[in-house]
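entry09.pdb follows; it contains PDB, C-alpha atoms.
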```pdb
MODEL        1
ATOM      1  CA  MET V1468      13.348  17.020 -37.364
ATOM      2  CA  LEU V1469      14.110  15.063 -40.511
ATOM      3  CA  ALA V1470      13.071  17.136 -43.490
ATOM      4  CA  GLY V1471      12.570  16.646 -47.197
ATOM      5  CA  ALA V1472      11.446  18.600 -50.197
ATOM      6  CA  SER V1473       9.801  16.942 -53.155
ATOM      7  CA  ALA V1474       7.153  14.335 -53.743
ATOM      8  CA  ALA V1475       7.827  11.218 -55.769
ATOM      9  CA  GLY V1476       6.934  11.447 -59.453
ATOM     10  CA  PRO V1477       5.616   8.978 -62.064
ATOM     11  CA  GLN V1478       9.022   7.372 -62.651
ATOM     12  CA  SER V1479       9.366   6.771 -58.932
ATOM     13  CA  ALA V1480       5.946   5.109 -58.841
ATOM     14  CA  ARG V1481       6.995   2.807 -61.690
ATOM     15  CA  ASP V1482      10.267   1.963 -59.930
ATOM     16  CA  CYS V1483       8.394   1.163 -56.719
ATOM     17  CA  GLU V1484       5.878  -1.097 -58.454
ATOM     18  CA  GLN V1485       8.557  -2.834 -60.531
ATOM     19  CA  GLY V1486      10.831  -3.283 -57.509
ATOM     20  CA  GLU V1487       8.053  -4.915 -55.518
ATOM     21  CA  ALA V1488       7.153  -7.202 -58.441
ATOM     22  CA  LEU V1489      10.804  -8.260 -58.805
ATOM     23  CA  PHE V1490      11.025  -8.944 -55.084
ATOM     24  CA  ARG V1491       7.906 -11.139 -55.165
ATOM     25  CA  ARG V1492       9.421 -13.125 -58.049
ATOM     26  CA  GLY V1493      12.628 -13.727 -56.096
ATOM     27  CA  ALA V1494      14.792 -11.536 -58.363
ATOM     28  CA  TYR V1495      16.440  -9.945 -55.345
ATOM     29  CA  GLN V1496      19.468  -8.302 -56.958
ATOM     30  CA  GLU V1497      17.354  -6.644 -59.641
ATOM     31  CA  ALA V1498      14.757  -5.680 -57.046
ATOM     32  CA  GLN V1499      17.487  -4.106 -54.922
ATOM     33  CA  GLU V1500      18.596  -1.752 -57.681
ATOM     34  CA  THR V1501      15.069  -0.779 -58.638
ATOM     35  CA  LEU V1502      13.963  -0.256 -55.049
ATOM     36  CA  TRP V1503      16.973   1.987 -54.438
ATOM     37  CA  SER V1504      15.690   4.216 -57.258
ATOM     38  CA  CYS V1505      12.247   4.114 -55.678
ATOM     39  CA  VAL V1506      13.500   5.022 -52.200
ATOM     40  CA  ALA V1507      15.956   7.662 -53.482
ATOM     41  CA  SER V1508      13.067   9.533 -55.079
ATOM     42  CA  GLY V1509      11.439   9.981 -51.679
ATOM     43  CA  ALA V1510       8.624   7.409 -51.931
ATOM     44  CA  ALA V1511       6.076   8.216 -49.257
ATOM     45  CA  ASP V1512       5.175   4.595 -48.461
ATOM     46  CA  LYS V1513       7.511   3.189 -45.802
ATOM     47  CA  ARG V1514       7.115  -0.365 -47.023
ATOM     48  CA  PHE V1515       9.367   0.181 -50.054
ATOM     49  CA  ALA V1516      12.435   0.864 -47.894
ATOM     50  CA  HIS V1517      11.334  -2.135 -45.847
ATOM     51  CA  LEU V1518      11.321  -4.290 -48.997
ATOM     52  CA  LEU V1519      14.704  -2.864 -49.965
ATOM     53  CA  ALA V1520      16.087  -3.917 -46.593
ATOM     54  CA  GLN V1521      14.803  -7.456 -47.155
ATOM     55  CA  THR V1522      16.686  -7.714 -50.467
ATOM     56  CA  TYR V1523      19.917  -7.426 -48.471
ATOM     57  CA  ARG V1524      18.818 -10.412 -46.407
ATOM     58  CA  GLU V1525      19.050 -12.412 -49.637
ATOM     59  CA  THR V1526      22.003 -10.807 -51.437
ATOM     60  CA  LYS V1527      24.075 -10.331 -48.254
ATOM     61  CA  ASN V1528      26.069  -7.408 -49.732
ATOM     62  CA  PHE V1529      25.729  -5.477 -46.488
ATOM     63  CA  GLN V1530      28.961  -3.474 -46.698
ATOM     64  CA  GLU V1531      28.029  -2.302 -50.186
ATOM     65  CA  GLY V1532      24.739  -1.129 -48.733
ATOM     66  CA  ILE V1533      26.490   0.866 -46.009
ATOM     67  CA  GLN V1534      28.757   2.504 -48.625
ATOM     68  CA  ARG V1535      25.763   3.395 -50.738
ATOM     69  CA  LEU V1536      24.054   4.919 -47.722
ATOM     70  CA  ASP V1537      27.129   7.008 -46.953
ATOM     71  CA  ARG V1538      27.142   8.377 -50.479
ATOM     72  CA  MET V1539      23.465   9.282 -50.303
ATOM     73  CA  VAL V1540      23.764  10.910 -46.885
ATOM     74  CA  SER V1541      26.441  13.228 -48.289
ATOM     75  CA  GLN V1542      23.940  14.653 -50.771
ATOM     76  CA  THR V1543      22.629  18.042 -49.684
ATOM     77  CA  ALA V1544      19.133  17.837 -51.188
ATOM     78  CA  LYS V1545      16.937  14.906 -50.184
ATOM     79  CA  PRO V1546      13.333  14.262 -51.203
ATOM     80  CA  ALA V1547      10.680  13.985 -48.503
ATOM     81  CA  GLY V1548      10.978  10.845 -46.400
ATOM     82  CA  LEU V1549      14.418   9.851 -47.697
ATOM     83  CA  ALA V1550      16.380  10.835 -44.597
ATOM     84  CA  GLN V1551      14.082   8.720 -42.396
ATOM     85  CA  ASP V1552      14.391   5.783 -44.779
ATOM     86  CA  LEU V1553      18.200   6.044 -44.802
ATOM     87  CA  ILE V1554      18.419   5.917 -41.015
ATOM     88  CA  PHE V1555      16.118   2.877 -40.927
ATOM     89  CA  LEU V1556      18.211   1.155 -43.614
ATOM     90  CA  ARG V1557      21.392   1.881 -41.687
ATOM     91  CA  GLY V1558      19.834   0.283 -38.622
ATOM     92  CA  TYR V1559      18.887  -2.775 -40.657
ATOM     93  CA  LEU V1560      22.315  -3.206 -42.266
ATOM     94  CA  TYR V1561      24.136  -2.812 -38.955
ATOM     95  CA  TYR V1562      21.809  -5.431 -37.475
ATOM     96  CA  ARG V1563      22.755  -7.829 -40.262
ATOM     97  CA  LEU V1564      26.452  -7.077 -39.712
ATOM     98  CA  GLY V1565      26.083  -7.930 -36.026
ATOM     99  CA  ASP V1566      26.652  -4.393 -34.732
ATOM    100  CA  PHE V1567      23.583  -4.364 -32.517
ATOM    101  CA  ALA V1568      24.584  -1.225 -30.600
ATOM    102  CA  ALA V1569      24.868   0.809 -33.811
ATOM    103  CA  SER V1570      21.630  -0.697 -35.111
ATOM    104  CA  THR V1571      19.729   0.120 -31.916
ATOM    105  CA  ALA V1572      21.113   3.674 -31.891
ATOM    106  CA  ALA V1573      19.927   4.288 -35.465
ATOM    107  CA  LEU V1574      16.495   2.844 -34.756
ATOM    108  CA  THR V1575      16.103   4.828 -31.545
ATOM    109  CA  TYR V1576      16.834   7.987 -33.522
ATOM    110  CA  THR V1577      14.302   6.906 -36.123
ATOM    111  CA  LEU V1578      11.599   6.544 -33.484
ATOM    112  CA  GLU V1579      12.484   9.892 -31.916
ATOM    113  CA  ALA V1580      11.774  11.448 -35.307
ATOM    114  CA  ASP V1581       8.651   9.370 -35.944
ATOM    115  CA  SER V1582       7.297   7.191 -33.148
ATOM    116  CA  ARG V1583       4.858   5.604 -35.627
ATOM    117  CA  ASP V1584       7.564   4.095 -37.846
ATOM    118  CA  TRP V1585       6.512   0.443 -37.653
ATOM    119  CA  ARG V1586       9.702  -0.688 -39.402
ATOM    120  CA  ALA V1587      11.862   0.575 -36.545
ATOM    121  CA  HIS V1588       9.667  -1.176 -33.963
ATOM    122  CA  GLU V1589       9.994  -4.451 -35.888
ATOM    123  CA  LEU V1590      13.753  -4.159 -36.251
ATOM    124  CA  LEU V1591      14.189  -3.284 -32.585
ATOM    125  CA  ALA V1592      12.313  -6.523 -31.880
ATOM    126  CA  PHE V1593      14.998  -8.380 -33.876
ATOM    127  CA  ASN V1594      17.714  -6.689 -31.820
ATOM    128  CA  PHE V1595      15.989  -7.517 -28.531
ATOM    129  CA  SER V1596      15.498 -11.147 -29.554
ATOM    130  CA  THR V1597      19.161 -11.527 -30.515
ATOM    131  CA  ARG V1598      20.022 -10.368 -26.990
ATOM    132  CA  ASN V1599      17.541 -12.913 -25.511
ATOM    133  CA  LEU V1600      15.174 -10.116 -24.420
ATOM    134  CA  ARG V1601      12.183 -12.096 -25.635
ATOM    135  CA  GLU V1602       9.335 -10.302 -23.886
ATOM    136  CA  GLU V1603      10.686  -6.920 -24.987
ATOM    137  CA  ALA V1604      10.864  -8.327 -28.533
ATOM    138  CA  VAL V1605       7.229  -9.481 -28.393
ATOM    139  CA  GLU V1606       6.138  -6.028 -27.259
ATOM    140  CA  LYS V1607       8.001  -4.372 -30.119
ATOM    141  CA  PHE V1608       6.457  -6.722 -32.661
ATOM    142  CA  ARG V1609       3.043  -5.927 -31.232
ATOM    143  CA  ALA V1610       3.802  -2.213 -31.462
ATOM    144  CA  ALA V1611       4.725  -2.665 -35.131
ATOM    145  CA  LEU V1612       1.503  -4.571 -35.811
ATOM    146  CA  ALA V1613      -0.600  -1.952 -34.054
ATOM    147  CA  LEU V1614       0.783   0.567 -36.538
ATOM    148  CA  ALA V1615       0.855  -1.683 -39.626
ATOM    149  CA  PRO V1616      -1.491  -4.674 -39.207
ATOM    150  CA  GLU V1617      -1.500  -5.196 -42.984
ATOM    151  CA  GLN V1618       2.196  -6.168 -43.120
ATOM    152  CA  PRO V1619       2.489  -9.977 -43.465
ATOM    153  CA  GLU V1620       6.210 -10.021 -42.711
ATOM    154  CA  VAL V1621       5.682  -8.588 -39.232
ATOM    155  CA  HIS V1622       3.078 -11.261 -38.427
ATOM    156  CA  TYR V1623       5.511 -13.893 -39.726
ATOM    157  CA  GLN V1624       8.434 -12.622 -37.666
ATOM    158  CA  LEU V1625       6.295 -12.526 -34.521
ATOM    159  CA  ALA V1626       5.256 -16.105 -35.314
ATOM    160  CA  ARG V1627       8.919 -17.120 -35.573
ATOM    161  CA  LEU V1628       9.651 -15.586 -32.205
ATOM    162  CA  TYR V1629       6.698 -17.377 -30.606
ATOM    163  CA  TYR V1630       7.898 -20.653 -32.149
ATOM    164  CA  SER V1631      11.425 -20.168 -30.804
ATOM    165  CA  VAL V1632      10.067 -19.974 -27.234
ATOM    166  CA  PHE V1633       7.585 -22.850 -27.754
ATOM    167  CA  ARG V1634       4.438 -20.729 -27.731
ATOM    168  CA  ILE V1635       3.136 -22.864 -30.577
ATOM    169  CA  PRO V1636      -0.597 -21.981 -30.668
ATOM    170  CA  GLU V1637       0.292 -18.270 -30.725
ATOM    171  CA  SER V1638       2.872 -18.915 -33.442
ATOM    172  CA  LEU V1639       0.312 -20.787 -35.542
ATOM    173  CA  ALA V1640      -2.225 -17.967 -35.184
ATOM    174  CA  ALA V1641       0.330 -15.315 -36.187
ATOM    175  CA  VAL V1642       1.623 -17.261 -39.179
ATOM    176  CA  GLY V1643      -1.959 -17.899 -40.264
ATOM    177  CA  LYS V1644      -2.520 -14.150 -40.334
ATOM    178  CA  ALA V1645       0.603 -13.700 -42.466
ATOM    179  CA  LEU V1646      -0.768 -16.216 -44.959
ATOM    180  CA  GLU V1647      -4.158 -14.512 -45.047
ATOM    181  CA  LEU V1648      -2.383 -11.319 -46.089
ATOM    182  CA  GLU V1649       0.067 -13.009 -48.489
ATOM    183  CA  PRO V1650      -1.101 -16.457 -49.671
ATOM    184  CA  GLY V1651       2.149 -17.054 -51.585
ATOM    185  CA  TYR V1652       4.422 -16.602 -48.555
ATOM    186  CA  GLY V1653       6.632 -19.699 -48.796
ATOM    187  CA  GLU V1654       8.533 -19.214 -45.542
ATOM    188  CA  ALA V1655       5.252 -18.845 -43.677
ATOM    189  CA  TYR V1656       4.057 -22.234 -44.968
ATOM    190  CA  THR V1657       7.282 -23.800 -43.686
ATOM    191  CA  LEU V1658       6.762 -22.310 -40.242
ATOM    192  CA  GLN V1659       3.103 -23.337 -40.289
ATOM    193  CA  GLY V1660       4.219 -26.907 -40.990
ATOM    194  CA  LEU V1661       6.660 -26.864 -38.077
ATOM    195  CA  CYS V1662       3.874 -25.647 -35.785
ATOM    196  CA  HIS V1663       1.543 -28.440 -36.903
ATOM    197  CA  GLU V1664       4.293 -30.980 -36.256
ATOM    198  CA  GLN V1665       4.786 -29.651 -32.734
ATOM    199  CA  LEU V1666       1.031 -29.961 -32.157
ATOM    200  CA  GLY V1667       1.080 -33.611 -33.236
ATOM    201  CA  GLU V1668      -0.572 -33.066 -36.620
ATOM    202  CA  PRO V1669       1.823 -34.790 -39.058
ATOM    203  CA  GLY V1670      -0.533 -34.765 -42.038
ATOM    204  CA  ARG V1671      -1.127 -31.026 -41.856
ATOM    205  CA  ALA V1672       2.571 -30.511 -41.174
ATOM    206  CA  ALA V1673       3.571 -32.378 -44.333
ATOM    207  CA  GLU V1674       1.029 -30.464 -46.419
ATOM    208  CA  SER V1675       2.349 -27.072 -45.280
ATOM    209  CA  LEU V1676       6.012 -28.037 -45.522
ATOM    210  CA  GLU V1677       5.551 -29.412 -49.033
ATOM    211  CA  ARG V1678       3.843 -26.154 -50.024
ATOM    212  CA  GLY V1679       6.774 -24.181 -48.603
ATOM    213  CA  VAL V1680       9.230 -26.207 -50.682
ATOM    214  CA  ALA V1681       7.156 -25.758 -53.836
ATOM    215  CA  LEU V1682       6.979 -21.978 -53.438
ATOM    216  CA  THR V1683      10.716 -21.752 -52.717
ATOM    217  CA  ARG V1684      11.474 -23.649 -55.907
ATOM    218  CA  GLN V1685       8.927 -21.617 -57.860
ATOM    219  CA  ILE V1686      10.731 -18.339 -57.227
ATOM    220  CA  ARG V1687      14.145 -20.024 -57.635
ATOM    221  CA  ARG V1688      15.201 -18.990 -54.157
ATOM    222  CA  ARG V1689      18.234 -21.022 -53.104
ATOM    223  CA  ASP V1690      17.230 -21.294 -49.452
ATOM    224  CA  GLU V1691      17.870 -24.754 -48.040
ATOM    225  CA  TRP V1692      15.765 -24.377 -44.893
ATOM    226  CA  PRO V1693      12.338 -25.261 -46.365
ATOM    227  CA  LEU V1694      13.929 -28.373 -47.875
ATOM    228  CA  LEU V1695      15.593 -29.327 -44.588
ATOM    229  CA  SER V1696      12.423 -28.754 -42.581
ATOM    230  CA  TYR V1697      10.429 -31.072 -44.845
ATOM    231  CA  ALA V1698      13.231 -33.658 -45.015
ATOM    232  CA  ALA V1699      13.504 -33.679 -41.222
ATOM    233  CA  LEU V1700       9.781 -34.404 -40.905
ATOM    234  CA  LEU V1701      10.067 -37.269 -43.388
ATOM    235  CA  ILE V1702      13.040 -38.720 -41.480
ATOM    236  CA  ARG V1703      11.195 -38.502 -38.159
ATOM    237  CA  GLN V1704       8.290 -40.324 -39.830
ATOM    238  CA  GLY V1705      10.597 -43.066 -41.127
ATOM    239  CA  SER V1706      10.535 -42.011 -44.813
ATOM    240  CA  PHE V1707      14.317 -42.022 -45.105
ATOM    241  CA  GLN V1708      14.597 -42.723 -48.830
ATOM    242  CA  THR V1709      12.031 -40.040 -49.686
ATOM    243  CA  SER V1710      14.084 -37.450 -47.813
ATOM    244  CA  LEU V1711      17.258 -37.974 -49.858
ATOM    245  CA  PRO V1712      16.356 -35.880 -52.956
ATOM    246  CA  LEU V1713      15.373 -32.962 -50.722
ATOM    247  CA  LEU V1714      18.650 -33.204 -48.826
ATOM    248  CA  GLY V1715      20.623 -33.521 -52.037
ATOM    249  CA  GLN V1716      19.125 -30.298 -53.364
ATOM    250  CA  ALA V1717      19.703 -28.564 -50.026
ATOM    251  CA  LEU V1718      23.395 -29.452 -50.243
ATOM    252  CA  GLU V1719      23.531 -28.329 -53.846
ATOM    253  CA  TRP V1720      22.135 -24.949 -52.807
ATOM    254  CA  ASN V1721      24.362 -24.643 -49.752
ATOM    255  CA  PRO V1722      27.311 -27.076 -49.562
ATOM    256  CA  GLN V1723      28.420 -25.407 -46.313
ATOM    257  CA  SER V1724      25.202 -26.191 -44.426
ATOM    258  CA  ALA V1725      26.170 -28.203 -41.367
ATOM    259  CA  ARG V1726      22.548 -29.079 -40.692
ATOM    260  CA  ALA V1727      22.051 -30.434 -44.234
ATOM    261  CA  HIS V1728      25.069 -32.707 -43.787
ATOM    262  CA  TYR V1729      23.690 -33.839 -40.422
ATOM    263  CA  TRP V1730      20.271 -34.784 -41.797
ATOM    264  CA  MET V1731      21.798 -36.527 -44.809
ATOM    265  CA  GLY V1732      24.060 -38.509 -42.480
ATOM    266  CA  ARG V1733      21.130 -39.408 -40.241
ATOM    267  CA  ALA V1734      18.966 -40.571 -43.159
ATOM    268  CA  LEU V1735      21.786 -42.665 -44.638
ATOM    269  CA  CYS V1736      22.529 -44.193 -41.240
ATOM    270  CA  ARG V1737      18.890 -45.319 -40.963
ATOM    271  CA  LEU V1738      19.247 -46.893 -44.415
ATOM    272  CA  ASN V1739      22.340 -48.790 -43.165
ATOM    273  CA  ARG V1740      24.605 -46.904 -45.559
ATOM    274  CA  ASN V1741      27.041 -46.279 -42.731
ATOM    275  CA  ASP V1742      30.184 -45.417 -44.679
ATOM    276  CA  GLU V1743      28.344 -42.651 -46.545
ATOM    277  CA  ALA V1744      26.602 -41.551 -43.356
ATOM    278  CA  ARG V1745      29.919 -41.206 -41.550
ATOM    279  CA  THR V1746      31.285 -38.912 -44.261
ATOM    280  CA  TYR V1747      28.335 -36.556 -43.950
ATOM    281  CA  LEU V1748      28.317 -36.571 -40.145
ATOM    282  CA  GLU V1749      32.047 -35.890 -39.954
ATOM    283  CA  ARG V1750      31.519 -32.980 -42.330
ATOM    284  CA  ALA V1751      28.692 -31.655 -40.159
ATOM    285  CA  LEU V1752      31.036 -31.646 -37.164
ATOM    286  CA  ALA V1753      33.755 -29.887 -39.141
ATOM    287  CA  LEU V1754      31.324 -27.166 -40.223
ATOM    288  CA  ASP V1755      29.739 -26.626 -36.788
ATOM    289  CA  ASP V1756      31.379 -28.175 -33.739
ATOM    290  CA  ARG V1757      28.837 -26.517 -31.405
ATOM    291  CA  ASP V1758      25.820 -28.490 -32.613
ATOM    292  CA  PRO V1759      25.222 -31.468 -30.277
ATOM    293  CA  LEU V1760      23.178 -33.572 -32.708
ATOM    294  CA  PRO V1761      25.946 -34.840 -35.048
ATOM    295  CA  TYR V1762      27.946 -35.961 -31.995
ATOM    296  CA  LEU V1763      24.999 -38.067 -30.841
ATOM    297  CA  GLU V1764      24.301 -39.600 -34.251
ATOM    298  CA  LEU V1765      27.908 -40.364 -35.138
ATOM    299  CA  GLY V1766      28.808 -41.509 -31.613
ATOM    300  CA  ALA V1767      25.931 -43.981 -31.491
ATOM    301  CA  MET V1768      26.770 -45.296 -34.965
ATOM    302  CA  LEU V1769      30.448 -45.820 -34.077
ATOM    303  CA  LEU V1770      29.608 -47.563 -30.814
ATOM    304  CA  LYS V1771      27.295 -49.920 -32.661
ATOM    305  CA  GLY V1772      30.088 -50.609 -35.168
ATOM    306  CA  GLY V1773      32.598 -51.456 -32.433
ATOM    307  CA  GLU V1774      34.584 -48.172 -32.301
ATOM    308  CA  ARG V1775      34.090 -47.763 -28.578
ATOM    309  CA  VAL V1776      36.753 -45.154 -27.745
ATOM    310  CA  ARG V1777      35.759 -42.596 -30.389
ATOM    311  CA  GLY V1778      32.077 -43.380 -29.996
ATOM    312  CA  GLN V1779      32.115 -42.778 -26.239
ATOM    313  CA  SER V1780      34.151 -39.595 -26.712
ATOM    314  CA  LEU V1781      31.583 -38.211 -29.151
ATOM    315  CA  LEU V1782      28.672 -39.097 -26.878
ATOM    316  CA  ALA V1783      30.412 -37.399 -23.943
ATOM    317  CA  ARG V1784      30.810 -34.282 -26.069
ATOM    318  CA  PHE V1785      27.125 -34.462 -26.990
ATOM    319  CA  GLU V1786      26.120 -34.586 -23.347
ATOM    320  CA  ALA V1787      28.355 -31.624 -22.443
ATOM    321  CA  LEU V1788      26.949 -29.488 -25.263
ATOM    322  CA  ARG V1789      23.379 -30.511 -24.427
ATOM    323  CA  LYS V1790      23.802 -29.403 -20.812
ATOM    324  CA  GLN V1791      25.494 -26.181 -21.864
ATOM    325  CA  ARG V1792      22.674 -25.288 -24.228
ATOM    326  CA  ALA V1793      20.077 -26.101 -21.603
ATOM    327  CA  ALA V1794      21.867 -23.845 -19.107
ATOM    328  CA  GLU V1795      22.142 -21.003 -21.614
ATOM    329  CA  ARG V1796      18.596 -21.576 -22.884
ATOM    330  CA  VAL V1797      19.936 -21.041 -26.381
ATOM    331  CA  GLU V1798      17.278 -20.423 -28.995
ATOM    332  CA  LEU V1799      18.201 -19.360 -32.494
ATOM    333  CA  PHE V1800      16.348 -16.370 -33.912
ATOM    334  CA  ASP V1801      17.505 -15.385 -37.345
ATOM    335  CA  ALA V1802      15.324 -12.684 -38.912
ATOM    336  CA  ARG V1803      14.948 -14.773 -42.007
TER     337      ARG V1803
ENDMDL
END
```
Output the structure of this file as structure tokens.
Amino acid sequence: MLAGASAAGPQSARDCEQGEALFRRGAYQEAQETLWSCVASGAADKRFAHLLAQTYRETKNFQEGIQRLDRMVSQTAKPAGLAQDLIFLRGYLYYRLGDFAASTAALTYTLEADSRDWRAHELLAFNFSTRNLREEAVEKFRAALALAPEQPEVHYQLARLYYSVFRIPESLAAVGKALELEPGYGEAYTLQGLCHEQLGEPGRAAESLERGVALTRQIRRRDEWPLLSYAALLIRQGSFQTSLPLLGQALEWNPQSARAHYWMGRALCRLNRNDEARTYLERALALDDRDPLPYLELGAMLLKGGERVRGQSLLARFEALRKQRAAERVELFDAR
């Protein structure tokens, strides 16, 4: 059994409250430090270690987190609940580092100690989804929600999984529940917008996607995906010029985003700014040569401009990648 000794005191309660407030404001590095103090004191509420884990999703200093865990594990005296939290955090950090075997082992141990630890069920769902075990992932998300139905992030992550396998009505219902619990959940609005687009509701899609962008900017979170999701909708609707400021900011936030370069190239191509479009599409290919879409866009543009040899070569590569992805049934699930 995992054991502990002391209950958290007033300072711990202040650290926990402050850490959560910092997290909600998007101050992830500051929240990380404060939440470590909260968790180290043996906070009884499991959600604080869960919030701490999510700060690493933003700061990406995973190895530093592992080193910090190792130092804490070496301590002989641990407050109540800390040992369980440390094992969960190790499972989370190993998941983020791509060591799914080590992550699953830590989480299995966590559940052996406490089968009602909803965080471990949720994180096992991430591991299962990464290994394309989608039904097992759904069951683990449901197990987490049965234990912690008040956690908006679990509803959101289940919604993302449903979306990735085209179960759109179920995704929309789950993301709606996340927003009921946390009305300021920017990522959830973005996913809600994508669901509405899939259901052929462009007006509702635009409303949700615009809200997701606004909330992302409000907390100064440099995440390009809400911007790209909204820009992509605008491009598909023919609003090419309107999409450009969104794409420009996305590239400012993440110059290495292959998908941002792709969408910028596509929008510029539709505006007949082909020289600029080519630069962005070539960059998209250089950043990610496994994405079929830039091959299609650039190949078609070059063929139209008379560059038949390169254009046909790019289109052939597009077709090969498209068939490969269809055969592998590749669906991206990043526990964002």
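Considering only C-alpha atoms, the residue among V:Thr1746, V:Ser1504, V:Asn1741, V:Ser1570 positioned nearest to Lys1771 (chain V) is V:Asn1741.
Separating CA of Ser1675 (chain V) from CA of Gln1659 (chain V) is a distance of 6.3 Å.
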Determine, for each residue of region 1641-1746 of chain V having at least one atom at most 7 Å from an atom of region 1476-1499 of chain V, the closest pair of atoms and their separation in Å to one decimal, counting only C-alpha atoms; order by chain and ascending number, as a tab-separated table.
```
residue	atom	partner	partner_atom	distance
V:Ile1686	CA	V:Gly1493	CA	5.1
V:Arg1687	CA	V:Gly1493	CA	6.7
V:Arg1688	CA	V:Gly1493	CA	6.2
```
Determine, counting all atoms listed in the file, every residue of protein, DNA or RNA that lies within 12 Å of (26.1, -37.5, -35.7) in the file coordinates, then give the result as JSON, numbers by chain. {"V": [1725, 1726, 1727, 1728, 1729, 1730, 1731, 1732, 1733, 1734, 1735, 1736, 1737, 1741, 1744, 1745, 1746, 1747, 1748, 1749, 1750, 1751, 1752, 1753, 1755, 1756, 1758, 1759, 1760, 1761, 1762, 1763, 1764, 1765, 1766, 1767, 1768, 1769, 1770, 1778, 1781, 1782, 1784, 1785]}
Minimum-distance residue to Arg1586 (chain V), chosen among V:Phe1633, V:Leu1628, V:Thr1526, V:Gln1521 (using all atoms listed in the file): V:Gln1521
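Between CA of Arg1557 (chain V) and CA of Tyr1523 (chain V) the interatomic distance comes to 11.6 Å.
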Leaving out region 1577-1580 of chain V and any residue of its chain fewer than 2 positions from it, which residues lie within 12 Å of it when counting all atoms listed in the file, given as a VMD selection string? chain V and resid 1468 to 1470 1548 to 1559 1570 to 1575 1582 to 1591 1607 1610 to 1611
Within 12 Å of Gln1618 (chain V), counting all atoms listed in the file, which residues qualify if same-chain residues fewer than 6 places away don't, as a PyMOL selection string? chain V and resi 1513-1515+1517-1518+1585-1586+1589+1608-1609+1611-1612+1624-1625+1641-1642+1644-1649+1652
In Å, with one decimal, what is the gap from CA of Tyr1623 (chain V) to CA of Ala1569 (chain V)? 25.0 Å
Nearest residue to Val1605 (chain V) out of V:Tyr1629, V:Glu1531, V:Glu1620, V:Tyr1562, using only C-alpha atoms? V:Tyr1629
Counting only C-alpha atoms, which residues have an atom no more than 12 Å from (20.3, -10.0, -27.8) in the file's coordinates? Please list them as JSON, numbers by chain. {"V": [1562, 1565, 1566, 1567, 1568, 1570, 1571, 1591, 1592, 1593, 1594, 1595, 1596, 1597, 1598, 1599, 1600, 1601, 1602, 1603, 1604, 1797, 1798, 1799, 1800, 1801]}
What would the file look like if the residues just selected were written as a PDB file, in the coordinates of the input with C-alpha atoms?
```
ATOM      1  CA  TYR V1562      21.809  -5.431 -37.475  1.00  0.00           C
ATOM      2  CA  GLY V1565      26.083  -7.930 -36.026  1.00  0.00           C
ATOM      3  CA  ASP V1566      26.652  -4.393 -34.732  1.00  0.00           C
ATOM      4  CA  PHE V1567      23.583  -4.364 -32.517  1.00  0.00           C
ATOM      5  CA  ALA V1568      24.584  -1.225 -30.600  1.00  0.00           C
ATOM      6  CA  SER V1570      21.630  -0.697 -35.111  1.00  0.00           C
ATOM      7  CA  THR V1571      19.729   0.120 -31.916  1.00  0.00           C
ATOM      8  CA  LEU V1591      14.189  -3.284 -32.585  1.00  0.00           C
ATOM      9  CA  ALA V1592      12.313  -6.523 -31.880  1.00  0.00           C
ATOM     10  CA  PHE V1593      14.998  -8.380 -33.876  1.00  0.00           C
ATOM     11  CA  ASN V1594      17.714  -6.689 -31.820  1.00  0.00           C
ATOM     12  CA  PHE V1595      15.989  -7.517 -28.531  1.00  0.00           C
ATOM     13  CA  SER V1596      15.498 -11.147 -29.554  1.00  0.00           C
ATOM     14  CA  THR V1597      19.161 -11.527 -30.515  1.00  0.00           C
ATOM     15  CA  ARG V1598      20.022 -10.368 -26.990  1.00  0.00           C
ATOM     16  CA  ASN V1599      17.541 -12.913 -25.511  1.00  0.00           C
ATOM     17  CA  LEU V1600      15.174 -10.116 -24.420  1.00  0.00           C
ATOM     18  CA  ARG V1601      12.183 -12.096 -25.635  1.00  0.00           C
ATOM     19  CA  GLU V1602       9.335 -10.302 -23.886  1.00  0.00           C
ATOM     20  CA  GLU V1603      10.686  -6.920 -24.987  1.00  0.00           C
ATOM     21  CA  ALA V1604      10.864  -8.327 -28.533  1.00  0.00           C
ATOM     22  CA  VAL V1797      19.936 -21.041 -26.381  1.00  0.00           C
ATOM     23  CA  GLU V1798      17.278 -20.423 -28.995  1.00  0.00           C
ATOM     24  CA  LEU V1799      18.201 -19.360 -32.494  1.00  0.00           C
ATOM     25  CA  PHE V1800      16.348 -16.370 -33.912  1.00  0.00           C
ATOM     26  CA  ASP V1801      17.505 -15.385 -37.345  1.00  0.00           C
TER      27      ASP V1801
END
```
Excluding region 1666-1670 of chain V and its own-chain neighbours fewer than 6 positions away, which residues fall within 9 Å of it when counting only C-alpha atoms? Please give them as an MDAnalysis selection string. chainID V and resid 1635:1636 1660 1700 1704
Quick one: residues within 6 Å of region 1713-1718 of chain V, only C-alpha atoms counted, chain neighbours fewer than 3 positions away excluded, as a PyMOL selection string? chain V and resi 1691+1694+1710+1721-1722
Edge lengths and centre in Å to one decimal, as lines of an AutoDock Vina configuration file, is what I'm after for the box along x, y and z that holds all listed atoms of region 1592-1599 of chain V once 6 Å is added on each side.
```
center_x = 16.2
center_y = -9.7
center_z = -29.7
size_x = 19.7
size_y = 18.4
size_z = 20.4
```
Residue neighbourhood Arg1678 (chain V), 12 Å, all atoms listed in the file, exclusion window fewer than 6 positions, as a ChimeraX atom specification: /V:1650-1660,1671-1672,1684-1685,1693-1694,1696-1697
